[in-house]
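As structure tokens, the structure follows; a few thoughts come after it.
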Amino acid sequence: MSGGLGCGGYAALWDRVDRAGDVLRAGVFDPVRPVPLLCQHRGGAVGVLRLIAADARGLLVEARVDDAAVARAVRGGALPGFSVAYRARRVRQGAHRAIVAAELVEVSLVAVPMQPGALVDWWADEPPVSTVDQEVHAKTRGREAGALRERVLAPDRAGLDRVPVDAGAHRLFEDMNRSAKMRRWPRAGAERHGA
């Protein structure tokens with residue numbers, strides 16, 4: 001694996017109204033298949049999605065950004081969000097358009113995400129590592145991060161952000177981020193986009 005910028009977060013959140021008035025329902029992209037990572041829904045791939053998985057909250061992604069200009073933009077906060085492109089297969093019209101089945105086409109790093117809560121939660125510069133190290137790192141990181149994410153962060157009432165639940169667990173999560181040389185975006189970042 002070559003070095004690059006690692007980043008991750010939720011590219012889509014279930015049962016939350018987006019800026020267009022659409023609501024993605026849990027299971028909408030089943031089965032989740034690999035898709036390209038783009039910038040602003042345009043051009044060629046700027047990296048790869050190392051993890052793309054649906055969980056109870058939304059579509060969780062972990063990416064490696066190989067394009068130097070895009071990596072600088074993520075580090076600098078110019079691309080603080082994720083966005084998904086899809087082809088709707090089944091919708092239900094109500095107060096909002098509910099997308100219940102769709103084909104996921106791509107995931108993009110974007111300046112203004114359609115889903116206000118679909119933010120880049122972390123980023124980290126990644127030096128090249130051996131294949132064995134990659135496997136151990138991926139297994140350990142996934143298990144620890146998933147357990148901590150569930151304990152430390154929970155949806156707020158508006159459903160647009162995540163807030164610390166337990167100060168002790170929050171400090172543990174922050175210590176883990178620092179030790180992994182990760183950077184977390186401030187939650188106030190959503191305000192930059194008029195959310």
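Going by the structure tokens order, chains are called A, B, ..., each with residues numbered from 1, while ligands are numbered from 1 in the order shown.
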Could you list, as a compact mmCIF listing (two decimals) with C-alpha atoms, in the first residue's frame, every residue within 10 Å of Gln115 in chain A, counting only C-alpha atoms and ignoring same-chain residues fewer than 3 positions away?
# COMPACT_ATOMS: atom_id res chain seq x y z
CA TYR A 10 -20.65 8.24 7.59
CA ALA A 11 -21.38 8.87 3.91
CA ALA A 12 -25.15 8.55 4.51
CA LEU A 13 -27.39 8.49 7.57
CA TRP A 14 -30.60 6.50 7.71
CA ARG A 16 -32.69 11.68 8.29
CA VAL A 17 -34.05 14.27 5.89
CA ASP A 18 -31.35 15.61 3.56
CA ARG A 19 -31.12 19.05 1.94
CA ALA A 20 -33.22 17.85 -1.03
CA GLY A 21 -36.00 16.48 1.20
CA ASP A 22 -35.08 12.83 0.61
CA VAL A 23 -34.78 10.20 3.35
CA LEU A 24 -32.62 7.10 2.91
CA GLY A 81 -18.09 15.90 4.03
CA PHE A 82 -19.09 12.74 2.23
CA SER A 83 -21.93 12.33 -0.24
CA VAL A 84 -23.41 9.36 -2.06
CA VAL A 112 -21.21 20.70 1.19
CA ALA A 118 -22.33 13.07 6.65
CA LEU A 119 -19.02 14.56 7.72
CA LEU A 160 -27.66 16.17 12.48
CA ALA A 195 -26.89 23.37 8.51
*Quick one: everything within 9 Å of Val107 in chain A, counting only C-alpha atoms, minus sequence neighbours fewer than 2 positions away in the same chain. Send it as number ranges by chain.*
A: 11, 35-39, 41, 49, 61, 82-85, 104-105, 109
*Between A:Arg50, A:Gly6, A:Leu59, A:Glu106, which has the minimum distance to Gly27 in chain A (counting only C-alpha atoms)?*
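Selected residue with least distance to Gly27 in chain A: A:Leu59.
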*Backbone DSSP call of strand (DSSP E or B) for range 29-120 of chain A, listed as a PyMOL selection string*: chain A and resi 37-39+42-54+58-65+81-93+97-110+119-120
Residues from the last selection, C-alpha atoms, saved as a PDB file, in the first residue's frame:
ATOM      1  CA  LEU A  37     -14.263   7.356  -4.346  1.00  0.00           C
ATOM      2  CA  LEU A  38     -14.621  10.646  -6.252  1.00  0.00           C
ATOM      3  CA  CYS A  39     -14.249  14.333  -5.491  1.00  0.00           C
ATOM      4  CA  ARG A  42     -16.890  14.405 -10.789  1.00  0.00           C
ATOM      5  CA  GLY A  43     -13.866  13.025 -12.601  1.00  0.00           C
ATOM      6  CA  GLY A  44     -11.990   9.843 -11.926  1.00  0.00           C
ATOM      7  CA  ALA A  45     -11.287   8.042  -8.693  1.00  0.00           C
ATOM      8  CA  VAL A  46      -9.192  10.023  -6.181  1.00  0.00           C
ATOM      9  CA  GLY A  47      -8.526   7.031  -3.947  1.00  0.00           C
ATOM     10  CA  VAL A  48     -10.161   3.846  -2.733  1.00  0.00           C
ATOM     11  CA  LEU A  49     -12.813   2.936  -0.206  1.00  0.00           C
ATOM     12  CA  ARG A  50     -11.183   0.421   2.136  1.00  0.00           C
ATOM     13  CA  LEU A  51     -14.387  -0.041   4.114  1.00  0.00           C
ATOM     14  CA  ILE A  52     -17.962   0.500   3.054  1.00  0.00           C
ATOM     15  CA  ALA A  53     -20.566  -1.022   5.332  1.00  0.00           C
ATOM     16  CA  ALA A  54     -24.137  -0.376   6.391  1.00  0.00           C
ATOM     17  CA  GLY A  58     -25.904   4.702   8.246  1.00  0.00           C
ATOM     18  CA  LEU A  59     -23.338   3.924   5.560  1.00  0.00           C
ATOM     19  CA  LEU A  60     -19.915   3.887   7.237  1.00  0.00           C
ATOM     20  CA  VAL A  61     -16.868   4.432   5.025  1.00  0.00           C
ATOM     21  CA  GLU A  62     -13.126   4.439   5.474  1.00  0.00           C
ATOM     22  CA  ALA A  63     -11.099   5.719   2.551  1.00  0.00           C
ATOM     23  CA  ARG A  64      -7.529   6.180   1.391  1.00  0.00           C
ATOM     24  CA  VAL A  65      -7.135   9.373  -0.649  1.00  0.00           C
ATOM     25  CA  GLY A  81     -18.091  15.897   4.035  1.00  0.00           C
ATOM     26  CA  PHE A  82     -19.094  12.736   2.233  1.00  0.00           C
ATOM     27  CA  SER A  83     -21.926  12.335  -0.245  1.00  0.00           C
ATOM     28  CA  VAL A  84     -23.408   9.357  -2.060  1.00  0.00           C
ATOM     29  CA  ALA A  85     -24.690   9.074  -5.603  1.00  0.00           C
ATOM     30  CA  TYR A  86     -27.302   6.425  -6.297  1.00  0.00           C
ATOM     31  CA  ARG A  87     -30.010   5.297  -8.701  1.00  0.00           C
ATOM     32  CA  ALA A  88     -33.327   5.072  -6.873  1.00  0.00           C
ATOM     33  CA  ARG A  89     -35.086   1.760  -7.553  1.00  0.00           C
ATOM     34  CA  ARG A  90     -38.020   2.025  -5.129  1.00  0.00           C
ATOM     35  CA  VAL A  91     -39.385   5.142  -3.422  1.00  0.00           C
ATOM     36  CA  ARG A  92     -42.321   5.980  -1.184  1.00  0.00           C
ATOM     37  CA  GLN A  93     -43.798   9.436  -1.295  1.00  0.00           C
ATOM     38  CA  ARG A  97     -39.450  11.134  -0.504  1.00  0.00           C
ATOM     39  CA  ALA A  98     -38.288   7.898   1.177  1.00  0.00           C
ATOM     40  CA  ILE A  99     -35.701   5.955  -0.805  1.00  0.00           C
ATOM     41  CA  VAL A 100     -36.208   2.304   0.180  1.00  0.00           C
ATOM     42  CA  ALA A 101     -34.146   0.590  -2.544  1.00  0.00           C
ATOM     43  CA  ALA A 102     -31.320   2.053  -4.597  1.00  0.00           C
ATOM     44  CA  GLU A 103     -28.130   1.126  -6.410  1.00  0.00           C
ATOM     45  CA  LEU A 104     -25.105   2.878  -4.894  1.00  0.00           C
ATOM     46  CA  VAL A 105     -23.030   4.409  -7.714  1.00  0.00           C
ATOM     47  CA  GLU A 106     -20.209   6.243  -5.920  1.00  0.00           C
ATOM     48  CA  VAL A 107     -19.112   8.011  -2.749  1.00  0.00           C
ATOM     49  CA  SER A 108     -17.571  11.485  -2.960  1.00  0.00           C
ATOM     50  CA  LEU A 109     -15.640  13.836  -0.740  1.00  0.00           C
ATOM     51  CA  VAL A 110     -17.545  17.121  -0.955  1.00  0.00           C
ATOM     52  CA  LEU A 119     -19.023  14.559   7.716  1.00  0.00           C
ATOM     53  CA  VAL A 120     -15.416  13.408   7.581  1.00  0.00           C
TER      54      VAL A 120
END
